[in-house]
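Okay, query-v4.txt is below, compact mmCIF, C-alpha atoms:
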```txt
# COMPACT_ATOMS: atom_id res chain seq x y z
CA MET A 248 6.52 -29.82 -7.36
CA LYS A 249 6.87 -31.21 -3.85
CA TYR A 250 5.32 -28.17 -2.17
CA ASP A 251 2.93 -25.64 -3.69
CA THR A 252 1.58 -24.06 -0.50
CA ILE A 253 3.48 -22.11 2.17
CA ILE A 254 1.95 -21.16 5.51
CA PHE A 255 3.86 -18.37 7.25
CA ASP A 256 3.89 -17.15 10.81
CA LEU A 257 3.89 -13.32 10.98
CA ASP A 258 5.77 -11.82 13.95
CA GLY A 259 9.43 -12.83 13.94
CA THR A 260 9.09 -14.54 10.57
CA LEU A 261 7.90 -11.95 8.04
CA LEU A 262 7.73 -8.82 10.20
CA ASN A 263 9.99 -7.52 12.93
CA THR A 264 7.28 -6.23 15.26
CA LEU A 265 9.23 -6.37 18.50
CA ASP A 266 9.80 -2.65 19.10
CA ASP A 267 6.16 -1.69 18.55
CA LEU A 268 5.01 -4.54 20.79
CA LYS A 269 7.42 -3.36 23.50
CA ASP A 270 6.26 0.25 23.22
CA SER A 271 2.56 -0.63 23.47
CA LEU A 272 3.18 -3.09 26.28
CA ASN A 273 5.17 -0.55 28.29
CA PHE A 274 2.55 2.12 27.66
CA ALA A 275 -0.06 -0.20 29.18
CA LEU A 276 2.15 -1.29 32.05
CA ALA A 277 3.08 2.28 32.96
CA LYS A 278 -0.53 3.47 32.77
CA HIS A 279 -1.61 0.80 35.23
CA GLY A 280 1.35 1.26 37.58
CA TYR A 281 3.47 -1.77 36.69
CA GLU A 282 7.17 -2.12 35.93
CA GLU A 283 8.12 -1.70 32.26
CA LYS A 284 9.92 -4.47 30.36
CA THR A 285 13.12 -4.52 28.32
CA LEU A 286 13.27 -5.51 24.67
CA GLU A 287 14.85 -8.86 25.56
CA GLU A 288 12.12 -9.59 28.12
CA VAL A 289 9.47 -8.85 25.51
CA ARG A 290 11.30 -11.08 23.03
CA ARG A 291 11.02 -13.99 25.49
CA PHE A 292 7.35 -13.31 26.21
CA VAL A 293 6.00 -13.10 22.65
CA GLY A 294 4.79 -16.02 20.56
CA ASN A 295 1.50 -17.12 22.09
CA GLY A 296 -0.73 -14.12 21.53
CA VAL A 297 -1.01 -10.71 23.17
CA GLN A 298 -2.93 -11.95 26.20
CA ASN A 299 -0.03 -14.22 27.10
CA LEU A 300 2.38 -11.37 26.43
CA VAL A 301 0.55 -9.13 28.88
CA GLU A 302 0.06 -11.90 31.45
CA ARG A 303 3.76 -12.79 31.43
CA SER A 304 4.64 -9.13 31.94
CA LEU A 305 2.47 -8.67 35.03
CA PRO A 306 2.93 -9.81 38.65
CA ALA A 307 1.84 -13.39 39.28
CA ASN A 308 -0.77 -12.42 41.86
CA ILE A 309 -2.66 -9.92 39.70
CA SER A 310 -6.44 -10.31 39.41
CA THR A 311 -8.08 -11.33 36.16
CA GLU A 312 -9.94 -8.01 36.10
CA ASP A 313 -6.72 -5.97 36.38
CA MET A 314 -5.03 -8.12 33.73
CA GLN A 315 -7.94 -7.55 31.35
CA LYS A 316 -7.75 -3.79 31.91
CA CYS A 317 -4.06 -3.81 31.05
CA LEU A 318 -4.70 -5.99 27.99
CA ALA A 319 -7.42 -3.62 26.77
CA THR A 320 -5.06 -0.66 27.12
CA PHE A 321 -2.36 -2.54 25.21
CA LYS A 322 -4.71 -3.41 22.34
CA GLU A 323 -6.05 0.12 22.08
CA HIS A 324 -2.55 1.59 21.97
CA TYR A 325 -1.17 -1.05 19.61
CA LYS A 326 -4.03 -0.56 17.15
CA ASP A 327 -2.83 2.98 16.47
CA ASN A 328 0.91 2.38 16.89
CA MET A 329 1.64 -1.01 15.33
CA GLN A 330 3.45 0.41 12.32
CA ASN A 331 5.72 2.95 13.98
CA LYS A 332 8.84 0.78 13.91
CA THR A 333 7.60 -2.51 12.41
CA ARG A 334 9.30 -3.53 9.17
CA PRO A 335 9.60 -6.64 6.99
CA TYR A 336 12.84 -8.52 7.52
CA ASP A 337 15.47 -8.10 4.81
CA GLY A 338 14.72 -10.25 1.80
CA ILE A 339 11.12 -11.06 2.73
CA LYS A 340 9.37 -9.00 0.07
CA GLU A 341 11.72 -10.36 -2.58
CA LEU A 342 10.96 -13.91 -1.40
CA LEU A 343 7.20 -13.36 -1.52
CA ALA A 344 7.43 -11.80 -4.98
CA GLU A 345 9.37 -14.81 -6.25
CA LEU A 346 6.88 -17.23 -4.71
CA LYS A 347 3.94 -15.37 -6.24
CA ASN A 348 5.61 -15.28 -9.64
CA ASN A 349 5.94 -19.07 -9.42
CA ASN A 350 2.28 -19.52 -8.48
CA TYR A 351 2.74 -20.76 -4.93
CA HIS A 352 -0.27 -20.52 -2.62
CA MET A 353 0.59 -18.45 0.46
CA ALA A 354 -1.15 -17.67 3.75
CA ILE A 355 -0.31 -16.22 7.15
CA VAL A 356 -1.45 -17.66 10.48
CA SER A 357 -0.65 -15.80 13.68
CA ASN A 358 -1.51 -15.67 17.36
CA LYS A 359 -1.70 -11.89 17.17
CA PHE A 360 -5.32 -10.70 17.39
CA ASP A 361 -7.10 -11.04 14.07
CA ALA A 362 -7.78 -7.37 13.33
CA ALA A 363 -4.10 -6.49 13.71
CA VAL A 364 -3.00 -9.46 11.58
CA LYS A 365 -5.30 -8.54 8.72
CA ALA A 366 -4.31 -4.85 8.87
CA LEU A 367 -0.57 -5.56 8.89
CA VAL A 368 -0.76 -8.18 6.14
CA LYS A 369 -2.85 -5.89 3.93
CA ASP A 370 -0.46 -2.97 4.37
CA TYR A 371 2.84 -4.83 4.04
CA PHE A 372 2.09 -7.91 1.96
CA GLY A 373 -1.31 -7.37 0.35
CA GLU A 374 0.05 -7.68 -3.18
CA TYR A 375 1.36 -11.17 -2.38
CA ILE A 376 -0.88 -12.68 0.30
CA THR A 377 -4.64 -12.38 0.80
CA VAL A 378 -5.32 -15.18 3.29
CA ALA A 379 -4.43 -14.09 6.84
CA ILE A 380 -5.82 -15.59 10.03
CA GLY A 381 -5.20 -14.25 13.53
CA GLU A 382 -6.40 -15.03 17.04
CA SER A 383 -10.18 -14.91 17.42
CA ALA A 384 -13.05 -16.59 19.22
CA THR A 385 -13.80 -18.75 16.18
CA VAL A 386 -10.40 -20.40 15.63
CA LYS A 387 -8.15 -21.99 18.25
CA SER A 388 -4.75 -20.35 18.60
CA LYS A 389 -1.47 -22.01 17.70
CA PRO A 390 -0.10 -24.54 18.53
CA ALA A 391 -3.55 -25.97 17.78
CA PRO A 392 -3.62 -26.70 14.03
CA ASP A 393 -7.03 -25.08 13.45
CA SER A 394 -5.74 -21.85 11.88
CA VAL A 395 -3.55 -23.85 9.50
CA TYR A 396 -6.50 -26.00 8.43
CA ALA A 397 -8.64 -22.89 7.97
CA ALA A 398 -6.00 -21.27 5.77
CA ILE A 399 -5.59 -24.42 3.66
CA LYS A 400 -9.36 -24.58 3.17
CA GLU A 401 -9.63 -20.88 2.28
CA MET A 402 -6.91 -21.25 -0.37
CA GLY A 403 -8.35 -24.47 -1.74
CA SER A 404 -4.94 -26.10 -1.27
CA ASP A 405 -3.85 -29.66 -0.58
CA ILE A 406 -2.39 -30.02 2.90
CA LYS A 407 -0.13 -32.79 1.60
CA LYS A 408 1.71 -30.17 -0.49
CA ALA A 409 1.99 -27.55 2.26
CA ILE A 410 4.93 -26.49 4.42
CA PHE A 411 4.99 -24.25 7.51
CA VAL A 412 7.50 -21.44 8.12
CA GLY A 413 7.98 -19.88 11.56
CA ASP A 414 10.48 -18.67 14.13
CA SER A 415 9.38 -20.14 17.47
CA GLU A 416 8.69 -23.29 19.46
CA THR A 417 4.98 -22.55 19.03
CA ASP A 418 5.40 -22.64 15.26
CA VAL A 419 7.25 -25.95 15.28
CA GLN A 420 4.56 -27.43 17.50
CA THR A 421 1.83 -26.03 15.25
CA ALA A 422 3.40 -27.60 12.17
CA LYS A 423 3.70 -30.96 13.93
CA ASN A 424 0.10 -30.80 15.12
CA ALA A 425 -1.06 -30.02 11.58
CA GLY A 426 1.09 -32.78 10.09
CA LEU A 427 3.27 -30.36 8.10
CA PRO A 428 7.04 -30.10 7.68
CA CYS A 429 8.39 -27.05 9.51
CA VAL A 430 11.01 -24.58 8.36
CA GLY A 431 12.47 -22.67 11.32
CA VAL A 432 13.95 -19.23 10.67
CA THR A 433 16.85 -17.93 12.76
CA TRP A 434 16.32 -14.18 12.21
CA GLY A 435 13.22 -13.99 14.44
CA PHE A 436 12.46 -13.99 18.16
CA ARG A 437 14.01 -17.35 19.08
CA THR A 438 17.44 -18.92 18.71
CA ARG A 439 18.63 -21.73 16.48
CA ASP A 440 19.01 -23.88 19.60
CA VAL A 441 15.30 -23.54 20.38
CA LEU A 442 14.37 -24.59 16.84
CA ILE A 443 16.72 -27.58 16.99
CA LYS A 444 15.39 -28.63 20.38
CA GLU A 445 11.78 -28.45 19.17
CA GLY A 446 12.58 -30.53 16.10
CA ALA A 447 12.20 -28.19 13.13
CA ASP A 448 12.63 -30.18 9.90
CA TYR A 449 14.69 -27.44 8.26
CA ILE A 450 16.45 -24.36 9.64
CA ILE A 451 17.32 -21.36 7.47
CA ASP A 452 19.33 -18.20 8.08
CA THR A 453 18.08 -16.12 5.13
CA PRO A 454 14.68 -15.93 3.39
CA ASN A 455 16.15 -16.96 0.04
CA GLU A 456 17.09 -20.36 1.47
CA LEU A 457 13.39 -21.26 1.58
CA LEU A 458 13.38 -21.40 -2.22
CA GLU A 459 16.06 -24.08 -2.18
CA ILE A 460 13.95 -26.23 0.16
CA ILE A 461 10.65 -26.01 -1.68
CA LYS A 462 12.17 -26.44 -5.14
CA LYS A 463 14.11 -29.62 -4.29
```

Represent the structure contained in this file as structure tokens.
Amino acid sequence: MKYDTIIFDLDGTLLNTLDDLKDSLNFALAKHGYEEKTLEEVRRFVGNGVQNLVERSLPANISTEDMQKCLATFKEHYKDNMQNKTRPYDGIKELLAELKNNNYHMAIVSNKFDAAVKALVKDYFGEYITVAIGESATVKSKPAPDSVYAAIKEMGSDIKKAIFVGDSETDVQTAKNAGLPCVGVTWGFRTRDVLIKEGADYIIDTPNELLEIIKK
């Protein structure tokens, strides 16, 4: 077996979280008197954690204090509204079930804040995946490889047999920084062109195609 460990990104790879992110972001922006964002704007802004999402959505000259207030409002709202519209992408649960049945080690690493990552993974994928690492003060965010290394260690896996699956330029960079091959998925928040430009090793259009790659 060439690979026995798969590290997944979460948003845009396993879960379509975009609508709930937009709703919580716009709730925070409206509460603090700022212009709301469209779905496509939010799509462009996600990928490097919620602080970056909020920062990119605010005027350039905003104070750090005002940004932090808006971020706190976003987090509070998102905590209670992160499953209103969020759903796994088609074919994801079937893929994870197949991987589990074939004894693959699986983990999720995300730049979403850690409490949200663990809650979403438990609710949607708990029967398949138990190792989930989000943004926190103890682990550097992607594209730093720290969360990948932490997941590998927690699973007791061999990094030489691991592969990374994600949808964004941040994910490709994370895989490269960790020394892992990267599978880019086209159903997420970025385009095929972005994945090609960043140098993803493989690009897939459906979840089932991952099986063909790891079983070669």

Write out as CSV a residue-level contact list of range 326-346 of chain A versus range 445-458 of chain A with cut-off 7 Å: for each qualifying residue the closest pair of atoms and the distance in Å to one decimal, counting only C-alpha atoms, rows sorted by chain and residue number upward.
```
residue,atom,partner,partner_atom,distance
A:Gly338,CA,A:Pro454,CA,5.9
A:Ile339,CA,A:Pro454,CA,6.1
A:Leu342,CA,A:Asn455,CA,6.2
```

Using only C-alpha atoms, determine which residues lie at most 7 Å from range 406-415 of chain A, disregarding the query and same-chain residues fewer than 6 positions distant; provide the list as an MDAnalysis selection string.
chainID A and resid 249:256 259:260 294 399 422 427:433 435:437 442

Please produce an output containing C-alpha atoms for each residue in the selection, written as a PDB file, keeping the file's coordinate frame.
```pdb
ATOM      1  CA  LYS A 249       6.870 -31.210  -3.850  1.00  0.00           C
ATOM      2  CA  TYR A 250       5.320 -28.170  -2.170  1.00  0.00           C
ATOM      3  CA  ASP A 251       2.930 -25.640  -3.690  1.00  0.00           C
ATOM      4  CA  THR A 252       1.580 -24.060  -0.500  1.00  0.00           C
ATOM      5  CA  ILE A 253       3.480 -22.110   2.170  1.00  0.00           C
ATOM      6  CA  ILE A 254       1.950 -21.160   5.510  1.00  0.00           C
ATOM      7  CA  PHE A 255       3.860 -18.370   7.250  1.00  0.00           C
ATOM      8  CA  ASP A 256       3.890 -17.150  10.810  1.00  0.00           C
ATOM      9  CA  GLY A 259       9.430 -12.830  13.940  1.00  0.00           C
ATOM     10  CA  THR A 260       9.090 -14.540  10.570  1.00  0.00           C
ATOM     11  CA  GLY A 294       4.790 -16.020  20.560  1.00  0.00           C
ATOM     12  CA  ILE A 399      -5.590 -24.420   3.660  1.00  0.00           C
ATOM     13  CA  ALA A 422       3.400 -27.600  12.170  1.00  0.00           C
ATOM     14  CA  LEU A 427       3.270 -30.360   8.100  1.00  0.00           C
ATOM     15  CA  PRO A 428       7.040 -30.100   7.680  1.00  0.00           C
ATOM     16  CA  CYS A 429       8.390 -27.050   9.510  1.00  0.00           C
ATOM     17  CA  VAL A 430      11.010 -24.580   8.360  1.00  0.00           C
ATOM     18  CA  GLY A 431      12.470 -22.670  11.320  1.00  0.00           C
ATOM     19  CA  VAL A 432      13.950 -19.230  10.670  1.00  0.00           C
ATOM     20  CA  THR A 433      16.850 -17.930  12.760  1.00  0.00           C
ATOM     21  CA  GLY A 435      13.220 -13.990  14.440  1.00  0.00           C
ATOM     22  CA  PHE A 436      12.460 -13.990  18.160  1.00  0.00           C
ATOM     23  CA  ARG A 437      14.010 -17.350  19.080  1.00  0.00           C
ATOM     24  CA  LEU A 442      14.370 -24.590  16.840  1.00  0.00           C
TER      25      LEU A 442
END
```

Taking (6.2, -8.1, 9.2) in the file's coordinates, which residues come within 8 Å, counting only C-alpha atoms, written as a PyMOL selection string?
chain A and resi 257-264+333-336+367-368+371

Restricting the calculation to only C-alpha atoms: of A:Lys400, A:Ser304, A:Asp267, A:Glu345, which residue gets closest to Lys284 in chain A?
A:Ser304

Can you pull out the residues contacting Leu268 in chain A? Cut-off 8 Å, using all atoms listed in the file, and skip same-chain residues under 6 positions away; I want them as an NGL selection string.
:A and (289 or 325 or 329)

Using all atoms listed in the file, give me every residue within 12 Å of (-8.8, -20.8, 12.8) in file coordinates, as a ChimeraX atom specification.
/A:355-358,360-361,378-401

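Shortest separation to Val364 in chain A among A:Arg303, A:Lys340, A:Lys332, A:Lys326 occurs at residue A:Lys326, atoms counted being all atoms listed in the file.
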
Env of range 273-276 of chain A: 6 Å cut, atoms = all atoms listed in the file, seq-sep filter 6 positions within chain, self excluded. Answer as a list in words.
Glu283, Cys317, Thr320 and Phe321 of chain A

Mind writing the picked residues with C-alpha atoms as a PDB file, in the coordinates of the input?
```pdb
ATOM      1  CA  GLU A 283       8.120  -1.700  32.260  1.00  0.00           C
ATOM      2  CA  CYS A 317      -4.060  -3.810  31.050  1.00  0.00           C
ATOM      3  CA  THR A 320      -5.060  -0.660  27.120  1.00  0.00           C
ATOM      4  CA  PHE A 321      -2.360  -2.540  25.210  1.00  0.00           C
TER       5      PHE A 321
END
```

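What separates CA of Ala354 in chain A from CA of Glu302 in chain A is a distance of 28.3 Å.
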
Assuming the input is short of atoms at range 284-302 of chain A, produce N, CA, C and O atoms for that part as a compact mmCIF listing (two decimals), in the frame of the given file.
```
# COMPACT_ATOMS: atom_id res chain seq x y z
N LYS A 284 9.09 -3.34 30.74
CA LYS A 284 9.92 -4.47 30.36
C LYS A 284 10.94 -4.06 29.30
O LYS A 284 10.71 -3.17 28.50
N THR A 285 12.08 -4.77 29.31
CA THR A 285 13.12 -4.52 28.32
C THR A 285 12.77 -5.23 27.01
O THR A 285 11.89 -6.10 26.96
N LEU A 286 13.49 -4.89 25.97
CA LEU A 286 13.27 -5.51 24.67
C LEU A 286 13.52 -7.02 24.74
O LEU A 286 12.76 -7.81 24.16
N GLU A 287 14.54 -7.42 25.48
CA GLU A 287 14.85 -8.86 25.56
C GLU A 287 13.79 -9.61 26.36
O GLU A 287 13.48 -10.77 26.06
N GLU A 288 13.22 -8.96 27.38
CA GLU A 288 12.12 -9.59 28.12
C GLU A 288 10.92 -9.78 27.20
O GLU A 288 10.29 -10.85 27.19
N VAL A 289 10.60 -8.76 26.44
CA VAL A 289 9.47 -8.85 25.51
C VAL A 289 9.72 -9.95 24.47
O VAL A 289 8.83 -10.71 24.13
N ARG A 290 10.95 -10.04 24.00
CA ARG A 290 11.30 -11.08 23.03
C ARG A 290 10.99 -12.47 23.58
O ARG A 290 10.48 -13.34 22.88
N ARG A 291 11.28 -12.68 24.86
CA ARG A 291 11.02 -13.99 25.49
C ARG A 291 9.53 -14.24 25.67
O ARG A 291 9.08 -15.38 25.64
N PHE A 292 8.76 -13.16 25.87
CA PHE A 292 7.35 -13.31 26.21
C PHE A 292 6.44 -13.47 25.00
O PHE A 292 5.31 -13.95 25.14
N VAL A 293 6.88 -13.05 23.81
CA VAL A 293 6.00 -13.10 22.65
C VAL A 293 5.92 -14.52 22.08
O VAL A 293 6.76 -15.37 22.37
N GLY A 294 4.89 -14.76 21.27
CA GLY A 294 4.79 -16.02 20.56
C GLY A 294 3.50 -16.78 20.79
O GLY A 294 3.19 -17.70 20.04
N ASN A 295 2.75 -16.40 21.81
CA ASN A 295 1.50 -17.12 22.09
C ASN A 295 0.31 -16.18 22.22
O ASN A 295 -0.61 -16.44 22.99
N GLY A 296 0.37 -15.07 21.50
CA GLY A 296 -0.73 -14.12 21.53
C GLY A 296 -0.51 -13.00 22.54
O GLY A 296 0.29 -13.12 23.46
N VAL A 297 -1.25 -11.89 22.34
CA VAL A 297 -1.01 -10.71 23.17
C VAL A 297 -1.50 -10.89 24.60
O VAL A 297 -0.94 -10.29 25.52
N GLN A 298 -2.50 -11.72 24.82
CA GLN A 298 -2.93 -11.95 26.20
C GLN A 298 -1.81 -12.60 27.00
O GLN A 298 -1.54 -12.20 28.14
N ASN A 299 -1.16 -13.59 26.41
CA ASN A 299 -0.03 -14.22 27.10
C ASN A 299 1.12 -13.24 27.29
O ASN A 299 1.81 -13.27 28.32
N LEU A 300 1.34 -12.39 26.30
CA LEU A 300 2.38 -11.37 26.43
C LEU A 300 2.12 -10.48 27.64
O LEU A 300 3.03 -10.23 28.45
N VAL A 301 0.90 -10.01 27.75
CA VAL A 301 0.55 -9.13 28.88
C VAL A 301 0.60 -9.90 30.20
O VAL A 301 1.16 -9.41 31.19
N GLU A 302 0.06 -11.10 30.22
CA GLU A 302 0.06 -11.90 31.45
C GLU A 302 1.48 -12.15 31.95
O GLU A 302 1.75 -12.06 33.16
```
